[in-house]
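Remarks on the structure that follows.
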Amino acid sequence: MGDPIRHVLFDADGVLQDLPGGWYAAMEPYLGDRSKEFLHETWSDELPMLAGRGDYLPVLAASLQKYGVSTPATEVYDAVWKNIVLIEESLEIVRTLKRNGYGVHLGTNQECYRGAHMREALGYDDLFDVSCYSYDLGVAKPDPAFFTRAADRIGAPADSILFIDDTAKNITGARTAGLHAEQWDFTQGHTTLHTLFTHHGVTAA
């Protein structure tokens with residue numbers, strides 16, 4: 001038996017926040033039925049930026065030009081990438097955990113522009129004790145190194161941290177690094193999240 005859970009590390013997209021209607025719908029005004037193709041291409045282009053290498057906006061601008069979109073990249077970026085709705089019930093759980101004495105932390109794959117928007121406009125820097133953005137750590141989930149660096153930054157043993165994420169491969173990466181981890185997204189309902197916390201002896205009520 002390891003240490004009791006003293007810290008909870010939260011993913012952002014799908015757990016704390018949502019893109020209303022999804023990515024494809026958000027891109028449709030610019031690309032119509034080519035939205036899916038475009039996004040899959042740009043997501044693979046974005047991977048180095050998630051680990052803090054390079055600048056995403058010129059890459060996005062080049063992709064838009066390639067697809068014949070004349071709208072400026074910054075305008076598309078603001079309309080799509082910054083189109084984030086906070087899941088208030090999830091944030092309330094974060095606040096409750098904090099009140100109950102747990103360390104509450106953010107562990108998310110983001111390039112620097114969306115990360116800065118989340119930190120400042122969405123108030124995540126004030127909400128979380130430690131923020132672990134992939135572009136800042138220099139490595140992205142699901143690489144176990146992301147979680148090792150996150151634990152170092154939190155300053156806690158890996159097995160005292162519970163990680164919540166909506167993607168199975170990220171759960172595997174976290175467990176490989178020695179963290180406790182559970183897959184959950186907000187569409188499953190917060191009662192399910194409370195059940196997961198109870199299973200790990202975490203008081204979130």
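Each chain in the structure tokens gets a letter, A, B, ..., in the order shown, and its residues are numbered from 1; ligands are numbered from 1 in order too.
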
Within 7 Å of range 105-107 of chain A using only C-alpha atoms, minus same-chain residues under 5 positions, as a PyMOL selection string:
chain A and resi 8-11+128-133

Please provide the set of residues having any atom within 8 Å of range 18-22 of chain A, restricted to only C-alpha atoms, with same-chain residues fewer than 2 positions apart removed, written as a list of chain:residue names.
A:Asp13, A:Gly14, A:Val15, A:Leu16, A:Tyr24, A:Ala25, A:Ala26, A:Asn83, A:Ile84, A:Val85, A:Leu86, A:Ile87

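Across the structure, CA of Asn109 in chain A and CA of Ala12 in chain A are spaced 8.4 Å apart.
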
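When DSSP reads the backbone of this structure, the residues of chain A it assigns to strand (DSSP E or B) are His7, Val8, Leu9, Phe10, Asp13, Gln17, Asp18, Val85, Leu86, Gly103, Val104, His105, Leu106, Gly107, Thr108, Val130, Ser131, Cys132, Tyr133, Ile161, Leu162, Phe163, Ile164, Asp165, His180, Ala181, Glu182 and Gln183 of chain A.
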
Those residues with N, CA, C and O atoms, as an mmCIF file, in the first residue's frame please?
```cif
data_model
loop_
_atom_site.group_PDB
_atom_site.id
_atom_site.type_symbol
_atom_site.label_atom_id
_atom_site.label_comp_id
_atom_site.auth_asym_id
_atom_site.auth_seq_id
_atom_site.Cartn_x
_atom_site.Cartn_y
_atom_site.Cartn_z
ATOM 1 N N HIS A 7 -3.165 14.538 -3.462
ATOM 2 C CA HIS A 7 -3.213 15.478 -4.588
ATOM 3 C C HIS A 7 -4.097 14.914 -5.700
ATOM 4 O O HIS A 7 -4.088 13.701 -5.944
ATOM 5 N N VAL A 8 -4.820 15.807 -6.371
ATOM 6 C CA VAL A 8 -5.598 15.403 -7.543
ATOM 7 C C VAL A 8 -5.161 16.271 -8.723
ATOM 8 O O VAL A 8 -5.139 17.499 -8.635
ATOM 9 N N LEU A 9 -4.768 15.599 -9.806
ATOM 10 C CA LEU A 9 -4.306 16.245 -11.031
ATOM 11 C C LEU A 9 -5.401 16.078 -12.080
ATOM 12 O O LEU A 9 -5.802 14.956 -12.386
ATOM 13 N N PHE A 10 -5.904 17.191 -12.599
ATOM 14 C CA PHE A 10 -7.023 17.175 -13.533
ATOM 15 C C PHE A 10 -6.582 17.511 -14.952
ATOM 16 O O PHE A 10 -5.867 18.501 -15.168
ATOM 17 N N ASP A 13 -9.629 19.554 -21.105
ATOM 18 C CA ASP A 13 -10.672 19.318 -22.110
ATOM 19 C C ASP A 13 -11.401 18.005 -21.842
ATOM 20 O O ASP A 13 -10.770 16.953 -21.743
ATOM 21 N N GLN A 17 -13.571 21.491 -18.947
ATOM 22 C CA GLN A 17 -14.030 22.433 -19.977
ATOM 23 C C GLN A 17 -14.471 21.685 -21.226
ATOM 24 O O GLN A 17 -14.092 20.529 -21.435
ATOM 25 N N ASP A 18 -15.265 22.389 -22.028
ATOM 26 C CA ASP A 18 -15.838 21.792 -23.229
ATOM 27 C C ASP A 18 -15.769 22.790 -24.375
ATOM 28 O O ASP A 18 -15.797 24.003 -24.159
ATOM 29 N N VAL A 85 -16.042 26.470 -22.942
ATOM 30 C CA VAL A 85 -17.055 26.652 -21.896
ATOM 31 C C VAL A 85 -16.616 25.860 -20.670
ATOM 32 O O VAL A 85 -16.266 24.676 -20.775
ATOM 33 N N LEU A 86 -16.604 26.506 -19.529
ATOM 34 C CA LEU A 86 -16.205 25.836 -18.291
ATOM 35 C C LEU A 86 -17.343 24.957 -17.778
ATOM 36 O O LEU A 86 -18.510 25.335 -17.843
ATOM 37 N N GLY A 103 -4.166 18.956 -2.471
ATOM 38 C CA GLY A 103 -3.555 19.760 -3.516
ATOM 39 C C GLY A 103 -4.340 19.530 -4.796
ATOM 40 O O GLY A 103 -4.634 18.377 -5.133
ATOM 41 N N VAL A 104 -4.706 20.598 -5.481
ATOM 42 C CA VAL A 104 -5.442 20.459 -6.746
ATOM 43 C C VAL A 104 -4.612 21.069 -7.877
ATOM 44 O O VAL A 104 -4.145 22.197 -7.786
ATOM 45 N N HIS A 105 -4.423 20.286 -8.933
ATOM 46 C CA HIS A 105 -3.471 20.654 -9.967
ATOM 47 C C HIS A 105 -4.040 20.382 -11.356
ATOM 48 O O HIS A 105 -4.935 19.557 -11.516
ATOM 49 N N LEU A 106 -3.476 21.074 -12.345
ATOM 50 C CA LEU A 106 -3.915 20.936 -13.729
ATOM 51 C C LEU A 106 -2.832 20.240 -14.541
ATOM 52 O O LEU A 106 -1.668 20.626 -14.465
ATOM 53 N N GLY A 107 -3.227 19.213 -15.305
ATOM 54 C CA GLY A 107 -2.289 18.503 -16.173
ATOM 55 C C GLY A 107 -2.872 18.386 -17.573
ATOM 56 O O GLY A 107 -3.699 17.520 -17.831
ATOM 57 N N THR A 108 -2.447 19.270 -18.490
ATOM 58 C CA THR A 108 -3.132 19.385 -19.776
ATOM 59 C C THR A 108 -2.160 19.558 -20.939
ATOM 60 O O THR A 108 -1.114 20.202 -20.786
ATOM 61 N N VAL A 130 -0.843 23.997 -8.627
ATOM 62 C CA VAL A 130 0.262 23.832 -9.576
ATOM 63 C C VAL A 130 -0.333 23.554 -10.953
ATOM 64 O O VAL A 130 -1.252 22.733 -11.075
ATOM 65 N N SER A 131 0.170 24.238 -11.974
ATOM 66 C CA SER A 131 -0.308 24.023 -13.338
ATOM 67 C C SER A 131 0.780 23.357 -14.166
ATOM 68 O O SER A 131 1.910 23.845 -14.207
ATOM 69 N N CYS A 132 0.419 22.236 -14.799
ATOM 70 C CA CYS A 132 1.357 21.488 -15.630
ATOM 71 C C CYS A 132 0.840 21.484 -17.067
ATOM 72 O O CYS A 132 0.051 20.605 -17.451
ATOM 73 N N TYR A 133 1.244 22.493 -17.828
ATOM 74 C CA TYR A 133 0.894 22.579 -19.252
ATOM 75 C C TYR A 133 2.005 21.910 -20.040
ATOM 76 O O TYR A 133 3.187 22.163 -19.788
ATOM 77 N N ILE A 161 -0.682 10.941 -5.840
ATOM 78 C CA ILE A 161 -1.424 11.770 -6.798
ATOM 79 C C ILE A 161 -2.446 10.916 -7.545
ATOM 80 O O ILE A 161 -2.112 9.830 -8.044
ATOM 81 N N LEU A 162 -3.666 11.408 -7.641
ATOM 82 C CA LEU A 162 -4.708 10.790 -8.463
ATOM 83 C C LEU A 162 -4.937 11.671 -9.687
ATOM 84 O O LEU A 162 -5.180 12.873 -9.551
ATOM 85 N N PHE A 163 -4.852 11.075 -10.865
ATOM 86 C CA PHE A 163 -5.010 11.798 -12.128
ATOM 87 C C PHE A 163 -6.356 11.449 -12.745
ATOM 88 O O PHE A 163 -6.735 10.287 -12.824
ATOM 89 N N ILE A 164 -7.092 12.478 -13.190
ATOM 90 C CA ILE A 164 -8.388 12.302 -13.849
ATOM 91 C C ILE A 164 -8.279 12.820 -15.279
ATOM 92 O O ILE A 164 -7.928 13.988 -15.504
ATOM 93 N N ASP A 165 -8.600 11.956 -16.271
ATOM 94 C CA ASP A 165 -8.471 12.333 -17.684
ATOM 95 C C ASP A 165 -9.527 11.569 -18.478
ATOM 96 O O ASP A 165 -9.978 10.500 -18.056
ATOM 97 N N HIS A 180 -1.826 7.172 -9.467
ATOM 98 C CA HIS A 180 -3.152 6.571 -9.576
ATOM 99 C C HIS A 180 -3.883 7.355 -10.666
ATOM 100 O O HIS A 180 -3.691 8.564 -10.786
ATOM 101 N N ALA A 181 -4.717 6.677 -11.444
ATOM 102 C CA ALA A 181 -5.384 7.387 -12.549
ATOM 103 C C ALA A 181 -6.715 6.730 -12.872
ATOM 104 O O ALA A 181 -6.850 5.503 -12.803
ATOM 105 N N GLU A 182 -7.686 7.566 -13.214
ATOM 106 C CA GLU A 182 -9.016 7.090 -13.588
ATOM 107 C C GLU A 182 -9.513 7.859 -14.809
ATOM 108 O O GLU A 182 -9.344 9.081 -14.896
ATOM 109 N N GLN A 183 -10.142 7.136 -15.726
ATOM 110 C CA GLN A 183 -10.707 7.752 -16.934
ATOM 111 C C GLN A 183 -12.130 8.224 -16.633
ATOM 112 O O GLN A 183 -12.967 7.456 -16.152
#
```

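Near Lys82 in chain A, within a cut-off of 10 Å and counting only C-alpha atoms, sit the residues Leu19, Val76, Tyr77, Asp78, Ala79, Val80, Ile84, Val85, Tyr113, Arg114, Gly115, His117, Met118, Ala121 and Leu122 of chain A, with same-chain residues fewer than 2 positions away left out.
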
Those residues you just picked out, can you put them in a file as an mmCIF file, in the first residue's frame with C-alpha atoms?
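As written to disk, again-v3.cif reads:
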```
data_model
loop_
_atom_site.group_PDB
_atom_site.id
_atom_site.type_symbol
_atom_site.label_atom_id
_atom_site.label_comp_id
_atom_site.auth_asym_id
_atom_site.auth_seq_id
_atom_site.Cartn_x
_atom_site.Cartn_y
_atom_site.Cartn_z
ATOM 1 C CA LEU A 19 -15.795 23.062 -26.787
ATOM 2 C CA VAL A 76 -9.918 31.546 -36.728
ATOM 3 C CA TYR A 77 -7.797 30.645 -33.699
ATOM 4 C CA ASP A 78 -9.760 32.953 -31.398
ATOM 5 C CA ALA A 79 -13.113 31.693 -32.723
ATOM 6 C CA VAL A 80 -12.256 27.987 -32.458
ATOM 7 C CA ILE A 84 -14.168 27.130 -24.310
ATOM 8 C CA VAL A 85 -17.055 26.652 -21.896
ATOM 9 C CA TYR A 113 -1.494 30.432 -26.927
ATOM 10 C CA ARG A 114 -4.392 28.309 -25.720
ATOM 11 C CA GLY A 115 -2.511 27.665 -22.475
ATOM 12 C CA HIS A 117 -5.829 31.923 -22.550
ATOM 13 C CA MET A 118 -6.707 29.232 -19.998
ATOM 14 C CA ALA A 121 -8.917 34.523 -19.253
ATOM 15 C CA LEU A 122 -10.325 31.359 -17.658
#
```
